[in-house]
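my_file-v4.txt (compact mmCIF, C-alpha atoms) appears below.
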# COMPACT_ATOMS: atom_id res chain seq x y z
CA GLY A 1 -17.60 -8.81 19.90
CA VAL A 2 -15.06 -6.01 19.90
CA GLU A 3 -17.73 -3.51 20.80
CA SER A 4 -18.69 -5.23 24.05
CA ASP A 5 -15.24 -6.38 25.16
CA VAL A 6 -13.10 -3.37 24.27
CA VAL A 7 -15.45 -0.42 23.90
CA ASP A 8 -17.09 1.28 26.85
CA ASP A 9 -19.38 3.73 25.10
CA GLU A 10 -20.80 4.42 21.69
CA GLY A 11 -19.15 6.92 19.37
CA ASN A 12 -15.57 6.50 20.55
CA PRO A 13 -12.59 6.33 18.14
CA LEU A 14 -12.50 2.52 18.02
CA GLU A 15 -16.19 2.35 17.08
CA ASP A 16 -15.59 4.89 14.31
CA GLU A 17 -12.54 3.03 13.03
CA LEU A 18 -14.36 -0.31 12.98
CA ALA A 19 -17.30 1.25 11.15
CA PHE A 20 -14.91 2.54 8.49
CA ILE A 21 -13.18 -0.86 8.19
CA ARG A 22 -16.54 -2.61 7.76
CA SER A 23 -17.50 -0.16 5.02
CA ALA A 24 -14.17 -0.54 3.21
CA TYR A 25 -13.84 -4.34 3.32
CA SER A 26 -16.23 -7.20 2.67
CA SER A 27 -16.93 -10.04 5.07
CA ASP A 28 -14.78 -12.25 2.84
CA GLU A 29 -11.80 -9.99 3.56
CA ILE A 30 -12.16 -9.34 7.28
CA SER A 31 -13.74 -10.96 10.30
CA ILE A 32 -14.15 -9.51 13.80
CA SER A 33 -14.39 -11.67 16.89
CA GLU A 34 -13.76 -10.87 20.55
CA ASN A 35 -10.83 -8.43 20.60
CA LYS A 36 -9.32 -9.71 17.34
CA ILE A 37 -9.62 -8.63 13.74
CA THR A 38 -8.56 -11.04 10.99
CA TYR A 39 -7.58 -9.69 7.59
CA LYS A 40 -7.48 -12.38 4.91
CA VAL A 41 -4.90 -11.94 2.16
CA GLN A 42 -3.84 -14.13 -0.73
CA LEU A 43 -0.24 -14.52 -1.89
CA PRO A 44 -0.31 -14.27 -5.70
CA MET A 45 1.48 -16.87 -7.79
CA GLU A 46 2.13 -17.06 -11.51
CA ASP A 47 0.34 -20.42 -11.51
CA GLU A 48 -3.23 -19.60 -10.41
CA ALA A 49 -3.68 -23.20 -9.26
CA GLU A 50 -1.23 -22.42 -6.44
CA LEU A 51 -3.59 -20.91 -3.85
CA ILE A 52 -1.95 -19.54 -0.70
CA LYS A 53 -4.14 -17.77 1.86
CA VAL A 54 -2.77 -15.99 4.93
CA ASP A 55 -4.69 -14.75 7.98
CA VAL A 56 -3.30 -11.54 9.44
CA VAL A 57 -4.67 -11.50 12.99
CA LEU A 58 -4.58 -8.23 14.95
CA SER A 59 -5.25 -8.32 18.69
CA ILE A 60 -6.66 -5.05 20.05
CA PRO A 61 -5.29 -3.89 23.42
CA LYS A 62 -7.70 -2.55 26.04
CA ASP A 63 -7.14 1.21 25.58
CA TYR A 64 -6.60 1.21 21.81
CA PRO A 65 -6.36 3.51 19.89
CA ALA A 66 -5.44 6.03 22.62
CA SER A 67 -2.62 3.78 23.81
CA GLY A 68 -1.22 0.31 23.30
CA VAL A 69 0.15 -1.44 20.21
CA LEU A 70 -1.81 -3.85 18.04
CA ASP A 71 -0.35 -7.36 18.31
CA VAL A 72 0.28 -9.02 14.94
CA GLU A 73 0.12 -12.72 14.10
CA CYS A 74 0.23 -14.32 10.64
CA ASN A 75 -0.86 -17.86 9.79
CA ILE A 76 -1.23 -19.86 6.59
CA CYS A 77 -4.84 -20.97 6.18
CA ARG A 78 -5.63 -24.66 6.04
CA SER A 79 -7.71 -24.02 2.94
CA SER A 80 -4.55 -23.11 1.00
CA SER A 81 -3.92 -25.40 -1.95
CA CYS A 82 -0.31 -25.37 -3.10
CA SER A 83 2.74 -27.52 -3.66
CA PRO A 84 5.03 -28.35 -0.72
CA GLU A 85 7.72 -26.15 -2.28
CA VAL A 86 5.44 -23.11 -2.40
CA ARG A 87 4.12 -23.78 1.12
CA ARG A 88 7.68 -23.89 2.49
CA CYS A 89 8.45 -20.64 0.72
CA ALA A 90 5.37 -19.01 2.29
CA ILE A 91 6.23 -20.35 5.76
CA ASP A 92 9.76 -18.96 5.45
CA ALA A 93 8.35 -15.58 4.35
CA LEU A 94 5.81 -15.15 7.18
CA PRO A 95 8.34 -13.85 9.76
CA ASN A 96 9.24 -11.06 7.32
CA LEU A 97 5.56 -10.16 6.90
CA MET A 98 5.00 -10.21 10.67
CA GLU A 99 8.05 -8.02 11.27
CA THR A 100 6.92 -5.51 8.63
CA LEU A 101 3.40 -5.29 10.08
CA THR A 102 4.69 -5.10 13.66
CA TRP A 103 6.83 -2.11 12.71
CA GLU A 104 3.75 -0.47 11.22
CA ALA A 105 1.73 -1.25 14.36
CA LYS A 106 4.41 0.32 16.58
CA ALA A 107 4.63 3.37 14.32
CA GLY A 108 0.87 3.82 14.73
CA GLU A 109 0.89 3.62 18.53
CA GLY A 110 -1.51 6.14 20.01
CA SER A 111 -3.55 6.49 16.81
CA GLU A 112 -5.82 4.49 14.51
CA ALA A 113 -3.62 1.91 12.78
CA LEU A 114 -5.89 -0.82 11.35
CA LEU A 115 -6.17 0.61 7.83
CA SER A 116 -2.47 1.36 7.53
CA ILE A 117 -1.58 -2.19 8.61
CA PHE A 118 -4.04 -3.68 6.11
CA THR A 119 -2.60 -1.46 3.36
CA VAL A 120 0.99 -2.41 4.17
CA ALA A 121 -0.01 -6.11 4.23
CA GLU A 122 -1.57 -5.81 0.78
CA SER A 123 1.50 -3.99 -0.53
CA TRP A 124 3.76 -6.70 0.92
CA THR A 125 1.88 -9.42 -0.97
CA LYS A 126 2.42 -7.56 -4.25
CA ASN A 127 6.00 -6.39 -3.80
CA ASP A 128 8.00 -8.22 -1.12
CA TRP A 129 6.33 -11.57 -1.77
CA HIS A 130 6.96 -11.19 -5.48
CA GLY A 131 10.67 -10.68 -4.77
CA ILE A 132 10.81 -13.72 -2.50
CA VAL A 133 9.06 -15.97 -5.01
CA SER A 134 11.14 -14.62 -7.89
CA ALA A 135 14.34 -15.53 -6.05
CA LYS A 136 13.29 -18.97 -4.78
CA ILE A 137 10.73 -20.49 -7.12
CA LEU A 138 9.98 -18.62 -10.33
CA PRO A 139 13.29 -18.76 -12.26
CA ALA A 140 13.16 -22.51 -12.97
CA ALA A 141 9.39 -22.56 -13.45
CA GLN A 142 9.42 -19.60 -15.82
CA SER A 143 12.10 -21.13 -18.01
CA LYS A 144 9.88 -24.20 -18.44
CA ARG A 145 6.49 -22.52 -18.88
CA ARG A 146 6.98 -19.11 -20.51
CA THR A 147 6.70 -18.81 -24.26
CA GLY A 148 8.02 -16.06 -26.50
CA SER A 149 4.52 -14.58 -26.53
CA ASP A 150 4.47 -14.43 -22.73
CA LEU A 151 7.75 -12.53 -22.65
CA GLU A 152 6.63 -10.15 -25.37
CA ASN A 153 3.30 -9.32 -23.73
CA GLY A 154 4.59 -8.98 -20.17
CA CYS A 155 3.24 -10.63 -17.05
CA PHE A 156 3.01 -7.77 -14.55
CA GLU A 157 1.07 -4.50 -14.67
CA ILE A 158 2.83 -1.34 -13.55
CA CYS A 159 0.88 1.87 -13.00
CA THR A 160 2.20 5.42 -13.29
CA ALA A 161 -0.09 7.99 -11.69
CA LEU A 162 -0.08 11.78 -11.60
CA ILE A 163 -1.38 13.19 -8.31
CA HIS A 164 -1.97 16.86 -7.69
CA SER A 165 -2.77 19.23 -4.88
CA HIS A 166 -3.14 23.00 -4.61
CA HIS A 167 0.16 23.04 -2.75
CA ILE A 168 2.67 20.87 -0.95
CA VAL A 169 4.61 23.13 1.39
CA GLU A 170 4.23 21.92 4.98
CA VAL A 171 7.18 19.82 6.17
CA ASP A 172 4.86 17.38 7.97
CA THR A 173 2.83 16.83 4.79
CA ILE A 174 5.98 16.19 2.73
CA GLN A 175 7.36 13.73 5.26
CA MET A 176 4.02 11.96 5.64
CA ALA A 177 3.57 11.54 1.87
CA LYS A 178 7.11 10.19 1.47
CA LYS A 179 6.63 7.74 4.34
CA ILE A 180 3.36 6.41 2.93
CA ALA A 181 4.87 6.07 -0.56
CA SER A 182 7.80 4.12 0.89
CA LYS A 183 5.49 1.74 2.75
CA LEU A 184 3.59 1.08 -0.47
CA SER A 185 6.84 0.55 -2.43
CA LEU A 186 5.99 3.49 -4.68
CA GLY A 187 8.75 5.50 -6.30
CA GLY A 188 8.85 8.61 -8.46
CA TYR A 189 8.88 12.36 -7.94
CA MET A 190 7.26 14.87 -5.60
CA LYS A 191 7.28 18.52 -6.66
CA THR A 192 6.76 20.79 -3.68
CA GLY A 193 5.39 24.34 -3.77
CA ARG A 194 2.36 25.45 -5.76
CA PRO A 195 0.90 23.44 -7.31
CA GLY A 196 1.90 20.30 -5.46
CA LEU A 197 2.50 17.35 -7.78
CA MET A 198 3.46 13.70 -7.38
CA LEU A 199 4.36 11.33 -10.22
CA VAL A 200 4.39 7.83 -8.72
CA GLU A 201 4.98 4.32 -10.04
CA GLY A 202 3.97 0.94 -8.63
CA THR A 203 0.85 -1.21 -8.63
CA GLU A 204 -2.43 0.46 -9.57
CA ALA A 205 -4.00 -0.37 -6.21
CA ASP A 206 -1.06 1.15 -4.33
CA CYS A 207 -1.25 4.37 -6.36
CA HIS A 208 -4.87 4.79 -5.31
CA SER A 209 -4.04 3.81 -1.71
CA LEU A 210 -1.41 6.56 -1.57
CA VAL A 211 -4.02 9.26 -2.16
CA GLU A 212 -6.46 7.70 0.30
CA LEU A 213 -3.85 7.35 3.05
CA ILE A 214 -2.52 10.91 2.60
CA ILE A 215 -6.05 12.26 2.99
CA LEU A 216 -6.62 10.02 6.02
CA GLY A 217 -3.29 11.12 7.49
CA GLN A 218 -4.20 14.78 7.05
CA LYS A 219 -7.49 14.20 8.86
CA LYS A 220 -5.77 12.45 11.77
CA ALA A 221 -3.11 15.17 12.01
CA ARG A 222 -5.71 17.94 12.07
CA ASN A 223 -7.56 16.13 14.84
CA SER A 224 -4.26 16.03 16.75
CA CYS A 225 -3.69 19.76 16.08
CA LYS A 226 -0.64 19.11 13.88
CA SER A 227 0.20 21.33 10.93
CA VAL A 228 -0.20 19.31 7.74
CA GLY A 229 -2.22 21.78 5.68
CA SER A 230 -5.66 21.34 4.19
CA SER A 231 -4.86 21.08 0.48
CA TYR A 232 -6.82 18.20 -1.07
CA PHE A 233 -4.91 15.48 -2.95
CA LYS A 234 -6.41 13.97 -6.09
CA LEU A 235 -5.30 11.38 -8.64
CA ALA A 236 -5.52 13.29 -11.93
CA ASN A 237 -4.69 10.51 -14.40
CA LYS A 238 -2.79 7.24 -14.74
CA VAL A 239 -1.34 4.90 -17.34
CA VAL A 240 -0.88 1.13 -16.92
CA ARG A 241 1.61 -0.97 -18.86
CA SER A 242 2.76 -4.59 -18.82
CA GLU A 243 6.30 -5.61 -17.93
CA ASN A 244 8.05 -8.95 -17.48
CA ASP A 245 9.16 -8.02 -13.95
CA LEU A 246 7.38 -5.80 -11.43
CA ASN A 247 10.55 -4.23 -10.06
CA ALA A 248 13.05 -4.38 -12.93
CA GLY A 249 10.37 -2.92 -15.22
CA ARG A 250 10.14 0.38 -13.33
CA LYS A 251 11.13 3.55 -15.23
CA LEU A 252 11.01 6.09 -12.38
CA PRO A 253 13.28 6.29 -9.31
CA ARG A 254 12.59 3.47 -6.82
CA LYS A 255 12.48 6.00 -3.95
CA MET A 256 10.44 9.19 -3.92
CA GLN A 257 12.64 12.11 -5.03
CA GLN A 258 11.74 15.63 -3.97
CA LEU A 259 11.81 18.38 -6.60
CA GLU A 260 11.85 21.96 -5.40
CA SER A 261 9.14 24.29 -6.71
CA SER A 262 9.74 25.88 -10.14
CA ILE A 263 13.22 24.41 -10.54
CA GLY A 264 11.83 20.90 -10.41
CA MET A 265 8.94 21.57 -12.80
CA ASP A 266 11.08 21.04 -15.90
CA GLU A 267 12.25 17.65 -14.62
CA LEU A 268 8.68 16.67 -13.76
CA LYS A 269 7.45 17.75 -17.20
CA ALA A 270 10.11 15.60 -18.85
CA ALA A 271 9.15 12.60 -16.71
CA CYS A 272 5.43 13.06 -17.50
CA GLU A 273 6.27 13.26 -21.21
CA LYS A 274 8.26 10.03 -20.93
CA MET A 275 5.45 8.24 -19.08
CA GLY A 276 2.59 9.43 -21.33
CA LEU A 277 1.09 11.90 -18.87
CA ALA A 278 2.12 15.19 -20.48
CA LYS A 279 -1.47 16.20 -21.33
CA ALA A 280 -2.67 15.38 -17.81
CA LEU A 281 0.01 17.65 -16.37
CA SER A 282 -0.81 20.40 -18.89
CA ASP A 283 -4.50 20.25 -17.92
CA ILE A 284 -3.59 20.68 -14.26
CA LEU A 285 -1.33 23.67 -14.93
CA LEU A 286 -3.97 25.35 -17.12
CA ASP A 287 -6.79 24.81 -14.63
Starting from the coordinates I provided, produce the structure as structure tokens.
Amino acid sequence: GVESDVVDDEGNPLEDELAFIRSAYSSDEISISENKITYKVQLPMEDEAELIKVDVVLSIPKDYPASGVLDVECNICRSSSCSPEVRRCAIDALPNLMETLTWEAKAGEGSEALLSIFTVAESWTKNDWHGIVSAKILPAAQSKRRTGSDLENGCFEICTALIHSHHIVEVDTIQMAKKIASKLSLGGYMKTGRPGLMLVEGTEADCHSLVELIILGQKKARNSCKSVGSSYFKLANKVVRSENDLNAGRKLPRKMQQLESSIGMDELKAACEKMGLAKALSDILLD
């Protein structure tokens, strides 16, 4: 296993990272063998009968995580059950997924990178893959299958979440939060100063992942003696709505916009009012 082939002693960073991964994912989602970790993802399709499974295989270099870059390989599983058209679309999309995950692996060189790669992979299946399928396959299929009721009710869920912290003032914290939001394809606003507030929009899972990854990033930075502050981030409240298109249905900026302290509070209040989170913001400010 990884422990015997890559790890020399108990309690080192790789052991700790693997323990966390095992606690966060089920055996149906990950498998560990030799010096490889396989993360199993599914590419969602409007037609649930179209089942496309992809194995994201990460090869662990000898001195990881202290040095070395995780090698990324993506393969379509033989158990996938889909039309030839959809399979070709997935095959054409895999190089883009591999490139995205390789960039993330290189960005994480010298630190624990497994969770961030898994998170980016999951985000890719919900955002980038959706865009690829929408451009190549869905237009004709939707025109044949969608009814007026489908269009009225919406087919995609978009989450708007209000995240708060005692403060957001450190430059490293601001840059880290923006980088994570970008990787997760989350847009919206970040109000710096005291209190620190983020109003983000994307998939519900990605909104929760943002908070988790910021907290994880703060922990890693503190262990590396970097100044990212110790203010705890928490998701205060969220609203979920249905739209006909995951990207075109967004109501907040596609990229995270930074609002400065008290000047930006009025703009954030207006956005929260628009998105149905005015009371959640008021509760935070009164606390």
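The two atoms in question, CA of Arg78 (chain A) and CA of Glu50 (chain A), are spaced 13.4 Å apart.
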Selection near Lys36 (chain A), 7 Å with only C-alpha atoms, sequence-local residues under 4 positions removed, as a ChimeraX atom specification: /A:32,57-60
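Put simply, CA of Asn127 (chain A) is 17.4 Å away from CA of Glu48 (chain A).
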Close residues, Cys82 (chain A) itself excluded, 9 Å, only C-alpha atoms, min 5 positions apart in chain, as a count of residues only: 5
All residues 6 Å or closer to region 181-186 of chain A, all atoms listed in the file, same chain fewer than 6 positions away omitted, as a VMD selection string: chain A and resid 123 201 to 202
